[in-house]
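S.K.: Let me give you the structure first, and then I'll get to my questions.
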Amino acid sequence: MSYTPRIGIVGGGIAGLAAAWSAAETARERAQNLDIVLFEAGPTLGGKAQSLKFAEHGGYLVETGPNGFVDRDPIVRRLAALAGIEDQLVEAQAADKRRYIYSSGLREVGPHPLTLARSGLLSVRGLLRLITEPWQRAMPADPKESLHDFAVRRLGHEAAERLVAPMATGVYAGDTRGLSATAAFPSLSRFEQEHGSLLRGLRAQSRTDRSQGKSPPLLLSFRNGMQSLPNALGATGRFSVRMHCAIDEIRPDRHCYQACWSTPEGDQGTDTVDRIIIASEAPVTTRLLATCAPQASDALKHLSCPGVASLSLLFRRSDLAGFPKGFGVLMRHGQGQRVLGCLFETQAFAHRSAKDTVLLRFLLGGSLDKEALDLDDDELERVAFADLGRWAQVAGPPTVRHISRWRQGIPQLEVGHEDLVHRVNAGLARTPGLSIANSGLFGPAFIDAARAGWDVGAKEAVLALQASNSR
Ligand SMILES: Cc1cc2nc3c(=O)[nH]c(=O)nc-3n(C[C@H](O)[C@H](O)[C@H](O)COP(=O)(O)OP(=O)(O)OC[C@H]3O[C@@H](n4cnc5c(N)ncnc54)[C@H](O)[C@@H]3O)c2cc1C
């Protein structure tokens with residue numbers, strides 16, 4: 001009888017589910033059998049993508065993690081098609097794509113230079129320095145350069161503080177003085193290398209896209225929230241899913257691995273797998289690697305993942321008369337705001353609350369304010385409500401609040417990140433059959449996690465099937 005190889009996957013977030021799906025697809029394309037089992041510690045699939053739907057107040061939908069994804073890689077669409085929910089994709093509303101930075105008031109920012117010029121975000125001097133960017137000397141890419149230093153060098157101090165830092169907050173909840181320019185925003189660094197300038201690089205990119213008939217990437221989500229995708233991927237029966245099953249230890253055992261698990265009820269057991277893909281958050285992955293790939297674990301422990309609190313508040317629309325149109329606002333650090341940013345959920349995706357309500361989501365915490373996660377719920381709401389009052393007219397309190405604290409929040413691709421990835425990979429190379437999908441190593445976004453999971457799932461499936469053929 002032919003041997004059916006077995007792959008274990010730790011974690012039922014988008015990275016783990018994408019890995020499971022691509023492994024299953026690889027086996028199907030090769031017409032070979034592959035046993036795939038995904039272990040999820042928690043009660044639901046999706047990891048940080050948790051979408052909570054409520055019927056009260058005319059109905060509303062709270063996203064506690066990602067509220068959408070930028071469609072810059074076809075991977076999420078492909079997964080949606082495989083799971084049969086492509087028709088549930090929704091685009092952020094065109095009219096409300098305006099974004100703001102809070103810097104002594106709300107400043108509208110957009111890709112058009114005139115919007116920025118009119119916003120008053122930068123002084124005339126700062127603006128003039130910004131537009132001289134194409135004439136600034138290009139330097140070789142330096143993995144030791146922080147995003148802050150890179151931005152100051154290319155765009156000037158003001159733009160670095162008032163424009164780049166809030167934008168980095170929006171992606172990483174991070175500190176530009178710690179984030180790496182080459183790892184955290186590789187396309188900016190690439191523009192400097194290839195075009196000698198960010199502005200020239202951006203223009204060249206849009207010319208190429210236009211000539212290839214590509215439109216700028218859209219901001220997409222799913223009608224019933226981001227968790228729709230993980231739920232649909234897990235429900236297809238293409239692989240086994242074991243919920244409430246936390247992997248506590250991975251033991252190498254000659255040519256296979258013993259995945260030791262436990263449940264909240266105290267049950268324990270061990271599954272034997274030929275290959276294992278770890279798709280948990282970086283701190284858990286670090287712990288699991290300690291016994292089976294100590295060098296990789298030693299390297300990965302330096303990937304910082306500061307926590308983030310997400311606070312959703314539902315208001316009566318009449319209490320927010322004159323509320324700014326748009327997608328959301330990011331705060332410039334040091335302006336007396338504790339909130340990092342606020343997403344105007346209802347305006348970006350209209351279906352997220354009823355017509356007479358407005359759903360706002362505030363993010364707090366991150367690298368520069370780790371203590372925010374320790375505020376109790378009332379204090380978090382008080383802080384967010386007070387900050388909101390600085391830039392919007394609010395006539396009444398919220399009718400509903402939801403709070404999630406992600407203690408292993410957003411991975412920071414800091415200076416030295418490329419070296420960290422190299423050391424993790426060198427450590428893993430000593431342990432054949434063991435891979436990491438994502439854990440924040442390859443980017444902070446939902447789409448990065450999906451891509452990393454998909455690629456590693458296919459690679460591991462091929463290796464598992466090849467090994468079984470040679471048995
Ligand atoms: C507040 C917030 C807002 C965000 N907003 C956006 C956004 O708007 N757009 C965007 O693109 N990205 C956003 N992100 C980032 C995005 O959520 C992540 O990139 C993505 O969800 C990571 O997916 P993942 O599968 O790698 O990890 P996770 O989603 O963290 O999944 C890891 C899974 O592993 C499980 N697990 C952990 N330990 C074990 C164990 N021992 N055994 C078994 N299972 C285990 C966990 O329970 C979890 O289900 C946001 C993140 C946060 C925190």
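Residues in the structure tokens are named by chain (A, B, ... in the order shown) and by number from 1 within that chain; ligands are numbered from 1 in the order shown.
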Using DSSP on the backbone coordinates, identify all residues within stretch 230-461 of chain A classified as alpha helix (DSSP H); present the result as a short mmCIF file (atom, residue, chain, number, x, y, z; two decimals) with N, CA and C atoms, in the first residue's frame.

M.R.:
data_model
loop_
_atom_site.label_atom_id
_atom_site.label_comp_id
_atom_site.auth_asym_id
_atom_site.auth_seq_id
_atom_site.Cartn_x
_atom_site.Cartn_y
_atom_site.Cartn_z
N PRO A 230 -11.38 33.18 6.25
CA PRO A 230 -10.91 32.03 7.05
C PRO A 230 -12.02 31.01 7.32
N ASN A 231 -13.21 31.49 7.65
CA ASN A 231 -14.30 30.54 7.94
C ASN A 231 -14.61 29.69 6.71
N ALA A 232 -14.66 30.33 5.54
CA ALA A 232 -15.00 29.58 4.32
C ALA A 232 -13.86 28.61 3.97
N LEU A 233 -12.62 29.05 4.14
CA LEU A 233 -11.49 28.16 3.82
C LEU A 233 -11.48 26.94 4.73
N GLY A 234 -11.84 27.15 5.99
CA GLY A 234 -11.80 26.03 6.94
C GLY A 234 -12.97 25.07 6.80
N ALA A 282 4.46 35.48 16.22
CA ALA A 282 5.90 35.32 16.42
C ALA A 282 6.29 34.86 17.84
N PRO A 283 5.71 35.42 18.92
CA PRO A 283 6.15 34.97 20.24
C PRO A 283 5.86 33.48 20.48
N VAL A 284 4.71 32.99 19.97
CA VAL A 284 4.39 31.56 20.13
C VAL A 284 5.34 30.73 19.28
N THR A 285 5.58 31.20 18.05
CA THR A 285 6.48 30.48 17.16
C THR A 285 7.87 30.38 17.79
N THR A 286 8.32 31.48 18.40
CA THR A 286 9.63 31.48 19.08
C THR A 286 9.67 30.39 20.15
N ARG A 287 8.58 30.30 20.91
CA ARG A 287 8.54 29.29 21.99
C ARG A 287 8.55 27.88 21.41
N LEU A 288 7.76 27.65 20.35
CA LEU A 288 7.68 26.31 19.78
C LEU A 288 9.00 25.88 19.14
N LEU A 289 9.72 26.86 18.56
CA LEU A 289 10.98 26.51 17.89
C LEU A 289 12.08 26.18 18.91
N ALA A 290 11.88 26.61 20.16
CA ALA A 290 12.96 26.50 21.14
C ALA A 290 13.46 25.06 21.26
N THR A 291 12.56 24.08 21.19
CA THR A 291 13.00 22.69 21.38
C THR A 291 13.49 22.05 20.08
N CYS A 292 12.94 22.51 18.94
CA CYS A 292 13.28 21.79 17.70
C CYS A 292 14.19 22.58 16.77
N PRO A 294 16.50 25.59 17.91
CA PRO A 294 16.86 26.64 18.88
C PRO A 294 17.50 27.87 18.25
N GLN A 295 18.28 27.67 17.16
CA GLN A 295 18.93 28.86 16.58
C GLN A 295 17.91 29.79 15.93
N ALA A 296 16.93 29.17 15.26
CA ALA A 296 15.87 29.98 14.65
C ALA A 296 15.09 30.69 15.74
N SER A 297 14.83 29.99 16.83
CA SER A 297 14.10 30.57 17.95
C SER A 297 14.85 31.76 18.54
N ASP A 298 16.17 31.59 18.71
CA ASP A 298 17.00 32.67 19.25
C ASP A 298 16.94 33.92 18.38
N ALA A 299 16.88 33.71 17.06
CA ALA A 299 16.82 34.87 16.16
C ALA A 299 15.42 35.49 16.20
N LEU A 300 14.39 34.65 16.16
CA LEU A 300 13.02 35.16 16.06
C LEU A 300 12.58 35.92 17.31
N GLU A 345 -15.45 53.38 9.92
CA GLU A 345 -15.86 52.09 9.36
C GLU A 345 -17.08 52.20 8.45
N THR A 346 -18.12 52.92 8.94
CA THR A 346 -19.37 52.97 8.15
C THR A 346 -19.16 53.68 6.83
N GLN A 347 -18.28 54.68 6.83
CA GLN A 347 -18.10 55.44 5.60
C GLN A 347 -17.25 54.67 4.60
N ALA A 348 -16.28 53.90 5.11
CA ALA A 348 -15.44 53.12 4.19
C ALA A 348 -16.24 51.96 3.61
N ASP A 377 -11.36 49.05 30.34
CA ASP A 377 -12.26 49.35 29.23
C ASP A 377 -12.82 50.78 29.32
N ASP A 378 -13.22 51.18 30.55
CA ASP A 378 -13.80 52.52 30.70
C ASP A 378 -12.77 53.60 30.37
N GLU A 379 -11.54 53.34 30.80
CA GLU A 379 -10.48 54.33 30.56
C GLU A 379 -10.17 54.41 29.05
N LEU A 380 -10.13 53.26 28.37
CA LEU A 380 -9.89 53.27 26.92
C LEU A 380 -10.97 54.10 26.23
N GLU A 381 -12.22 53.86 26.65
CA GLU A 381 -13.31 54.60 26.00
C GLU A 381 -13.18 56.10 26.32
N ARG A 382 -12.83 56.40 27.56
CA ARG A 382 -12.72 57.82 27.93
C ARG A 382 -11.64 58.51 27.09
N VAL A 383 -10.49 57.82 26.92
CA VAL A 383 -9.38 58.39 26.13
C VAL A 383 -9.83 58.61 24.68
N ALA A 384 -10.47 57.59 24.10
CA ALA A 384 -10.86 57.69 22.69
C ALA A 384 -11.91 58.79 22.50
N PHE A 385 -12.84 58.86 23.43
CA PHE A 385 -13.93 59.84 23.32
C PHE A 385 -13.36 61.27 23.44
N ALA A 386 -12.41 61.43 24.37
CA ALA A 386 -11.81 62.76 24.56
C ALA A 386 -11.02 63.13 23.30
N ASP A 387 -10.26 62.18 22.75
CA ASP A 387 -9.47 62.48 21.55
C ASP A 387 -10.39 62.82 20.38
N LEU A 388 -11.50 62.09 20.26
CA LEU A 388 -12.45 62.33 19.16
C LEU A 388 -12.98 63.77 19.23
N GLY A 389 -13.21 64.21 20.45
CA GLY A 389 -13.77 65.55 20.64
C GLY A 389 -12.84 66.66 20.16
N ARG A 390 -11.55 66.36 19.96
CA ARG A 390 -10.62 67.40 19.48
C ARG A 390 -10.77 67.67 17.99
N TRP A 391 -11.29 66.69 17.26
CA TRP A 391 -11.36 66.92 15.80
C TRP A 391 -12.74 66.69 15.20
N HIS A 417 16.26 43.82 10.25
CA HIS A 417 15.27 42.77 9.99
C HIS A 417 15.77 41.75 8.97
N GLU A 418 16.43 42.22 7.92
CA GLU A 418 16.91 41.29 6.89
C GLU A 418 17.86 40.27 7.52
N ASP A 419 18.71 40.75 8.44
CA ASP A 419 19.65 39.86 9.10
C ASP A 419 18.89 38.86 9.99
N LEU A 420 17.84 39.36 10.65
CA LEU A 420 17.02 38.49 11.52
C LEU A 420 16.39 37.36 10.67
N VAL A 421 15.85 37.72 9.49
CA VAL A 421 15.22 36.71 8.62
C VAL A 421 16.28 35.70 8.18
N HIS A 422 17.46 36.22 7.84
CA HIS A 422 18.54 35.35 7.39
C HIS A 422 18.90 34.34 8.50
N ARG A 423 18.96 34.83 9.74
CA ARG A 423 19.34 33.93 10.85
C ARG A 423 18.23 32.93 11.15
N VAL A 424 16.98 33.36 11.02
CA VAL A 424 15.86 32.41 11.23
C VAL A 424 15.95 31.32 10.16
N ASN A 425 16.15 31.73 8.91
CA ASN A 425 16.20 30.75 7.81
C ASN A 425 17.39 29.81 7.97
N ALA A 426 18.53 30.36 8.42
CA ALA A 426 19.72 29.51 8.61
C ALA A 426 19.42 28.47 9.70
N GLY A 427 18.72 28.91 10.76
CA GLY A 427 18.36 27.98 11.83
C GLY A 427 17.40 26.91 11.33
N LEU A 428 16.43 27.32 10.50
CA LEU A 428 15.44 26.36 10.00
C LEU A 428 16.07 25.38 9.01
N ALA A 429 17.11 25.85 8.30
CA ALA A 429 17.76 24.98 7.30
C ALA A 429 18.36 23.74 7.97
N PHE A 446 -2.48 41.50 6.17
CA PHE A 446 -3.27 40.30 5.93
C PHE A 446 -2.81 39.61 4.63
N ILE A 447 -2.60 40.42 3.60
CA ILE A 447 -2.23 39.85 2.30
C ILE A 447 -0.81 39.25 2.35
N ASP A 448 0.07 39.83 3.18
CA ASP A 448 1.42 39.27 3.34
C ASP A 448 1.32 37.89 4.00
N ALA A 449 0.43 37.79 5.00
CA ALA A 449 0.26 36.52 5.71
C ALA A 449 -0.30 35.46 4.77
N ALA A 450 -1.29 35.87 3.94
CA ALA A 450 -1.89 34.93 2.99
C ALA A 450 -0.85 34.44 1.99
N ARG A 451 -0.04 35.36 1.47
CA ARG A 451 0.98 35.00 0.48
C ARG A 451 2.02 34.05 1.10
N ALA A 452 2.50 34.43 2.31
CA ALA A 452 3.53 33.60 2.96
C ALA A 452 2.99 32.20 3.21
N GLY A 453 1.74 32.12 3.67
CA GLY A 453 1.14 30.80 3.94
C GLY A 453 1.00 30.00 2.67
N TRP A 454 0.51 30.64 1.62
CA TRP A 454 0.29 29.93 0.36
C TRP A 454 1.62 29.35 -0.16
N ASP A 455 2.66 30.19 -0.18
CA ASP A 455 3.94 29.73 -0.75
C ASP A 455 4.55 28.59 0.07
N VAL A 456 4.49 28.72 1.37
CA VAL A 456 5.13 27.69 2.20
C VAL A 456 4.31 26.38 2.15
N GLY A 457 3.01 26.50 2.05
CA GLY A 457 2.16 25.29 1.96
C GLY A 457 2.48 24.49 0.71
N ALA A 458 2.64 25.20 -0.43
CA ALA A 458 2.94 24.52 -1.69
C ALA A 458 4.32 23.85 -1.61
N LYS A 459 5.29 24.58 -1.05
CA LYS A 459 6.66 24.05 -0.97
C LYS A 459 6.70 22.79 -0.10
N GLU A 460 6.06 22.87 1.04
CA GLU A 460 6.07 21.71 1.95
C GLU A 460 5.33 20.52 1.36
N ALA A 461 4.25 20.79 0.63
CA ALA A 461 3.50 19.68 0.03
C ALA A 461 4.35 18.96 -1.01
#

S.K.: Write out as a list in words each polymer residue whose atoms come within 12 Å of A:Gly120, counting only C-alpha atoms; drop sequence neighbours fewer than 5 positions from it.

M.R.: Tyr100, Ile101, Tyr102, Ser103, Ser104, Gly105, Leu106, Arg107, Glu108, Val109, Pro113, Leu114, Thr115, Arg125, Gly126, Leu127, Glu158, Ala159, Arg162 and Leu163 of chain A

S.K.: With a distance cut-off of 8 Å and only C-alpha atoms, select the neighbouring residues of A:Leu368, excluding the residue or stretch itself and same-chain residues fewer than 2 positions from it, and output the selection as a count of residues only.

M.R.: 5

S.K.: Between A:Pro74, A:Gly237, A:Gly65, A:Gly269, which has the minimum distance to ligand 1 (counting only C-alpha atoms and all ligand atoms)?

M.R.: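 The closest residue to ligand 1 is A:Gly65.
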
S.K.: Using only C-alpha atoms and all ligand atoms, what does the table of chain A residues within 7 Å of ligand 1 look like, with each row giving the shortest atom pair and its distance in Å to one decimal, sorted by chain and ascending number, as JSON lines?

M.R.:
{"residue": "A:Val10", "atom": "CA", "partner": "ligand 1", "partner_atom_place_in_ligand_line": "43 (C)", "distance": 4.7}
{"residue": "A:Gly11", "atom": "CA", "partner": "ligand 1", "partner_atom_place_in_ligand_line": "34 (O)", "distance": 3.3}
{"residue": "A:Gly12", "atom": "CA", "partner": "ligand 1", "partner_atom_place_in_ligand_line": "49 (O)", "distance": 4.5}
{"residue": "A:Gly13", "atom": "CA", "partner": "ligand 1", "partner_atom_place_in_ligand_line": "25 (O)", "distance": 3.3}
{"residue": "A:Ile14", "atom": "CA", "partner": "ligand 1", "partner_atom_place_in_ligand_line": "25 (O)", "distance": 4.0}
{"residue": "A:Ala15", "atom": "CA", "partner": "ligand 1", "partner_atom_place_in_ligand_line": "25 (O)", "distance": 3.7}
{"residue": "A:Gly16", "atom": "CA", "partner": "ligand 1", "partner_atom_place_in_ligand_line": "25 (O)", "distance": 5.6}
{"residue": "A:Phe39", "atom": "CA", "partner": "ligand 1", "partner_atom_place_in_ligand_line": "43 (C)", "distance": 4.9}
{"residue": "A:Glu40", "atom": "CA", "partner": "ligand 1", "partner_atom_place_in_ligand_line": "44 (N)", "distance": 3.8}
{"residue": "A:Ala41", "atom": "CA", "partner": "ligand 1", "partner_atom_place_in_ligand_line": "44 (N)", "distance": 3.9}
{"residue": "A:Gly42", "atom": "CA", "partner": "ligand 1", "partner_atom_place_in_ligand_line": "47 (O)", "distance": 4.8}
{"residue": "A:Leu45", "atom": "CA", "partner": "ligand 1", "partner_atom_place_in_ligand_line": "49 (O)", "distance": 5.8}
{"residue": "A:Gly46", "atom": "CA", "partner": "ligand 1", "partner_atom_place_in_ligand_line": "49 (O)", "distance": 5.6}
{"residue": "A:Gly47", "atom": "CA", "partner": "ligand 1", "partner_atom_place_in_ligand_line": "49 (O)", "distance": 3.2}
{"residue": "A:Lys48", "atom": "CA", "partner": "ligand 1", "partner_atom_place_in_ligand_line": "29 (O)", "distance": 3.9}
{"residue": "A:Ala49", "atom": "CA", "partner": "ligand 1", "partner_atom_place_in_ligand_line": "21 (O)", "distance": 5.4}
{"residue": "A:Thr64", "atom": "CA", "partner": "ligand 1", "partner_atom_place_in_ligand_line": "1 (C)", "distance": 6.0}
{"residue": "A:Gly65", "atom": "CA", "partner": "ligand 1", "partner_atom_place_in_ligand_line": "2 (C)", "distance": 3.8}
{"residue": "A:Pro66", "atom": "CA", "partner": "ligand 1", "partner_atom_place_in_ligand_line": "5 (N)", "distance": 3.2}
{"residue": "A:Asn67", "atom": "CA", "partner": "ligand 1", "partner_atom_place_in_ligand_line": "8 (O)", "distance": 4.3}
{"residue": "A:Gly68", "atom": "CA", "partner": "ligand 1", "partner_atom_place_in_ligand_line": "8 (O)", "distance": 4.9}
{"residue": "A:Phe69", "atom": "CA", "partner": "ligand 1", "partner_atom_place_in_ligand_line": "11 (O)", "distance": 4.4}
{"residue": "A:Val70", "atom": "CA", "partner": "ligand 1", "partner_atom_place_in_ligand_line": "11 (O)", "distance": 6.5}
{"residue": "A:Cys245", "atom": "CA", "partner": "ligand 1", "partner_atom_place_in_ligand_line": "43 (C)", "distance": 6.0}
{"residue": "A:Ala246", "atom": "CA", "partner": "ligand 1", "partner_atom_place_in_ligand_line": "42 (N)", "distance": 3.5}
{"residue": "A:Ile247", "atom": "CA", "partner": "ligand 1", "partner_atom_place_in_ligand_line": "42 (N)", "distance": 4.0}
{"residue": "A:Asp248", "atom": "CA", "partner": "ligand 1", "partner_atom_place_in_ligand_line": "41 (N)", "distance": 5.5}
{"residue": "A:Ala279", "atom": "CA", "partner": "ligand 1", "partner_atom_place_in_ligand_line": "34 (O)", "distance": 5.9}
{"residue": "A:Ser280", "atom": "CA", "partner": "ligand 1", "partner_atom_place_in_ligand_line": "34 (O)", "distance": 3.7}
{"residue": "A:Glu281", "atom": "CA", "partner": "ligand 1", "partner_atom_place_in_ligand_line": "30 (O)", "distance": 4.9}
{"residue": "A:Val284", "atom": "CA", "partner": "ligand 1", "partner_atom_place_in_ligand_line": "38 (N)", "distance": 5.5}
{"residue": "A:Val308", "atom": "CA", "partner": "ligand 1", "partner_atom_place_in_ligand_line": "1 (C)", "distance": 5.7}
{"residue": "A:Ala309", "atom": "CA", "partner": "ligand 1", "partner_atom_place_in_ligand_line": "1 (C)", "distance": 6.4}
{"residue": "A:Ser310", "atom": "CA", "partner": "ligand 1", "partner_atom_place_in_ligand_line": "1 (C)", "distance": 5.4}
{"residue": "A:Leu363", "atom": "CA", "partner": "ligand 1", "partner_atom_place_in_ligand_line": "1 (C)", "distance": 6.8}
{"residue": "A:Trp406", "atom": "CA", "partner": "ligand 1", "partner_atom_place_in_ligand_line": "53 (C)", "distance": 5.6}
{"residue": "A:Gly409", "atom": "CA", "partner": "ligand 1", "partner_atom_place_in_ligand_line": "53 (C)", "distance": 4.6}
{"residue": "A:Ile410", "atom": "CA", "partner": "ligand 1", "partner_atom_place_in_ligand_line": "53 (C)", "distance": 5.6}
{"residue": "A:Asn438", "atom": "CA", "partner": "ligand 1", "partner_atom_place_in_ligand_line": "26 (O)", "distance": 5.1}
{"residue": "A:Ser439", "atom": "CA", "partner": "ligand 1", "partner_atom_place_in_ligand_line": "26 (O)", "distance": 5.2}
{"residue": "A:Gly440", "atom": "CA", "partner": "ligand 1", "partner_atom_place_in_ligand_line": "26 (O)", "distance": 6.2}
{"residue": "A:Pro444", "atom": "CA", "partner": "ligand 1", "partner_atom_place_in_ligand_line": "19 (O)", "distance": 4.7}
{"residue": "A:Ala445", "atom": "CA", "partner": "ligand 1", "partner_atom_place_in_ligand_line": "11 (O)", "distance": 3.6}
{"residue": "A:Phe446", "atom": "CA", "partner": "ligand 1", "partner_atom_place_in_ligand_line": "11 (O)", "distance": 3.8}
{"residue": "A:Ile447", "atom": "CA", "partner": "ligand 1", "partner_atom_place_in_ligand_line": "11 (O)", "distance": 5.7}
{"residue": "A:Asp448", "atom": "CA", "partner": "ligand 1", "partner_atom_place_in_ligand_line": "19 (O)", "distance": 6.6}
{"residue": "A:Ala449", "atom": "CA", "partner": "ligand 1", "partner_atom_place_in_ligand_line": "26 (O)", "distance": 4.7}

S.K.: Include N, CA and C atoms and write out the residues we just selected as a compact mmCIF listing (two decimals), in the first residue's frame.

M.R.:
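Ended up saving to out.txt:
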# COMPACT_ATOMS: atom_id res chain seq x y z
N VAL A 10 0.28 24.63 12.42
CA VAL A 10 -0.05 25.23 13.72
C VAL A 10 -0.63 26.61 13.49
N GLY A 11 -1.90 26.81 13.79
CA GLY A 11 -2.51 28.15 13.69
C GLY A 11 -3.52 28.24 12.57
N GLY A 12 -4.72 28.71 12.94
CA GLY A 12 -5.82 28.83 11.96
C GLY A 12 -6.12 30.27 11.61
N GLY A 13 -5.06 31.11 11.55
CA GLY A 13 -5.22 32.46 10.97
C GLY A 13 -5.12 32.31 9.45
N ILE A 14 -5.10 33.45 8.76
CA ILE A 14 -5.10 33.38 7.29
C ILE A 14 -3.83 32.69 6.78
N ALA A 15 -2.69 32.85 7.47
CA ALA A 15 -1.45 32.22 6.99
C ALA A 15 -1.57 30.70 7.06
N GLY A 16 -2.06 30.18 8.19
CA GLY A 16 -2.19 28.72 8.35
C GLY A 16 -3.20 28.15 7.36
N PHE A 39 -4.06 22.67 13.40
CA PHE A 39 -4.37 22.79 14.83
C PHE A 39 -4.60 24.26 15.17
N GLU A 40 -5.75 24.55 15.74
CA GLU A 40 -6.03 25.94 16.16
C GLU A 40 -6.30 25.95 17.66
N ALA A 41 -5.54 26.79 18.37
CA ALA A 41 -5.67 26.84 19.83
C ALA A 41 -7.03 27.39 20.27
N GLY A 42 -7.55 28.35 19.51
CA GLY A 42 -8.75 29.07 19.96
C GLY A 42 -10.05 28.44 19.52
N LEU A 45 -11.78 30.26 13.85
CA LEU A 45 -10.73 30.42 12.85
C LEU A 45 -10.55 31.91 12.55
N GLY A 46 -9.42 32.25 11.94
CA GLY A 46 -9.24 33.63 11.48
C GLY A 46 -8.13 34.37 12.21
N GLY A 47 -7.71 33.86 13.39
CA GLY A 47 -6.66 34.57 14.13
C GLY A 47 -7.12 35.99 14.41
N LYS A 48 -6.35 36.96 13.91
CA LYS A 48 -6.70 38.37 14.18
C LYS A 48 -7.90 38.81 13.36
N ALA A 49 -8.24 38.08 12.33
CA ALA A 49 -9.42 38.45 11.52
C ALA A 49 -10.67 37.89 12.19
N THR A 64 -12.39 43.32 14.62
CA THR A 64 -11.50 43.55 15.75
C THR A 64 -10.04 43.55 15.30
N GLY A 65 -9.77 43.02 14.13
CA GLY A 65 -8.42 43.03 13.54
C GLY A 65 -8.47 43.76 12.22
N PRO A 66 -8.03 43.11 11.12
CA PRO A 66 -8.03 43.83 9.83
C PRO A 66 -9.44 44.22 9.42
N ASN A 67 -9.58 45.43 8.87
CA ASN A 67 -10.92 45.83 8.41
C ASN A 67 -11.02 45.72 6.90
N GLY A 68 -9.88 45.41 6.25
CA GLY A 68 -9.88 45.25 4.81
C GLY A 68 -8.47 44.87 4.38
N PHE A 69 -8.26 44.76 3.09
CA PHE A 69 -6.91 44.49 2.59
C PHE A 69 -6.71 45.22 1.28
N VAL A 70 -5.46 45.63 1.06
CA VAL A 70 -5.14 46.29 -0.20
C VAL A 70 -4.79 45.18 -1.19
N CYS A 245 -7.24 23.25 20.10
CA CYS A 245 -6.14 22.29 20.17
C CYS A 245 -4.83 23.06 20.03
N ALA A 246 -4.22 23.37 21.18
CA ALA A 246 -2.99 24.19 21.17
C ALA A 246 -1.77 23.29 21.08
N ILE A 247 -0.89 23.59 20.17
CA ILE A 247 0.38 22.85 20.12
C ILE A 247 1.30 23.46 21.18
N ASP A 248 1.75 22.59 22.10
CA ASP A 248 2.58 23.09 23.21
C ASP A 248 4.06 22.84 22.95
N ALA A 279 2.35 28.52 11.91
CA ALA A 279 1.69 29.76 11.42
C ALA A 279 1.08 30.51 12.59
N SER A 280 1.73 30.41 13.76
CA SER A 280 1.22 31.16 14.93
C SER A 280 1.92 32.52 14.98
N GLU A 281 1.53 33.36 15.94
CA GLU A 281 2.15 34.66 16.10
C GLU A 281 3.62 34.46 16.51
N VAL A 284 4.71 32.99 19.97
CA VAL A 284 4.39 31.56 20.13
C VAL A 284 5.34 30.73 19.28
N VAL A 308 -1.76 45.93 20.45
CA VAL A 308 -2.64 46.98 19.95
C VAL A 308 -4.03 46.74 20.51
N ALA A 309 -4.67 47.83 20.97
CA ALA A 309 -6.07 47.71 21.41
C ALA A 309 -6.97 48.30 20.34
N SER A 310 -8.06 47.59 20.04
CA SER A 310 -9.01 48.07 19.04
C SER A 310 -10.33 48.34 19.77
N LEU A 363 -7.64 52.84 17.33
CA LEU A 363 -6.54 51.94 17.67
C LEU A 363 -5.61 52.65 18.64
N TRP A 406 -5.05 42.99 21.41
CA TRP A 406 -4.16 42.03 20.76
C TRP A 406 -2.78 42.19 21.39
N GLY A 409 0.59 41.89 18.94
CA GLY A 409 -0.10 42.69 17.94
C GLY A 409 0.53 42.71 16.56
N ILE A 410 1.32 43.73 16.31
CA ILE A 410 1.78 43.96 14.93
C ILE A 410 3.31 43.83 14.88
N ASN A 438 4.74 33.01 7.71
CA ASN A 438 4.46 34.35 8.23
C ASN A 438 5.07 34.63 9.60
N SER A 439 4.28 34.55 10.67
CA SER A 439 4.70 35.01 12.00
C SER A 439 5.19 36.45 11.92
N GLY A 440 4.73 37.19 10.91
CA GLY A 440 5.09 38.59 10.78
C GLY A 440 6.45 38.83 10.15
N PRO A 444 3.51 42.96 7.61
CA PRO A 444 2.52 43.06 8.68
C PRO A 444 1.08 42.85 8.23
N ALA A 445 0.83 42.81 6.91
CA ALA A 445 -0.56 42.89 6.42
C ALA A 445 -1.17 41.50 6.19
N PHE A 446 -2.48 41.50 6.17
CA PHE A 446 -3.27 40.30 5.93
C PHE A 446 -2.81 39.61 4.63
N ILE A 447 -2.60 40.42 3.60
CA ILE A 447 -2.23 39.85 2.30
C ILE A 447 -0.81 39.25 2.35
N ASP A 448 0.07 39.83 3.18
CA ASP A 448 1.42 39.27 3.34
C ASP A 448 1.32 37.89 4.00
N ALA A 449 0.43 37.79 5.00
CA ALA A 449 0.26 36.52 5.71
C ALA A 449 -0.30 35.46 4.77

S.K.: Tell me, as a VMD selection string, which residues lie within 12 Å of stretch 204-219 of chain A, counting only C-alpha atoms; anything in the same chain fewer than 5 positions away does not count.

M.R.: chain A and resid 66 to 74 76 to 77 89 to 94 96 to 97 111 187 to 188 190 to 192 194 to 199 327 348 to 349 447

S.K.: Considering only C-alpha atoms, can you say which of A:Val415, A:Met139, A:Ile278, A:Ile403 comes closest to A:Leu179?

M.R.: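 Smallest distance to A:Leu179 is found for A:Val415.
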
S.K.: Just checking: using only C-alpha atoms, which residue out of A:Pro140, A:Asp369, A:Tyr3, A:Gly8 ends up closest to A:Gln32?

M.R.: A:Tyr3

S.K.: At a cut-off of 7 Å, using only C-alpha atoms, what residues contact A:Ser146? Leave out same-chain residues fewer than 5 positions from it and give the result as a PDB file with C-alpha atoms, in the first residue's frame.

M.R.:
ATOM      1  CA  THR A 176       9.885  55.283  12.412  1.00  0.00           C
ATOM      2  CA  ARG A 177      13.120  55.616  14.387  1.00  0.00           C
ATOM      3  CA  GLY A 178      13.131  51.846  14.949  1.00  0.00           C
ATOM      4  CA  LEU A 179      11.544  50.609  11.700  1.00  0.00           C
ATOM      5  CA  SER A 180      13.870  49.684   8.864  1.00  0.00           C
ATOM      6  CA  ALA A 181      13.471  51.631   5.611  1.00  0.00           C
ATOM      7  CA  VAL A 415      16.522  47.939  11.503  1.00  0.00           C
TER       8      VAL A 415
END
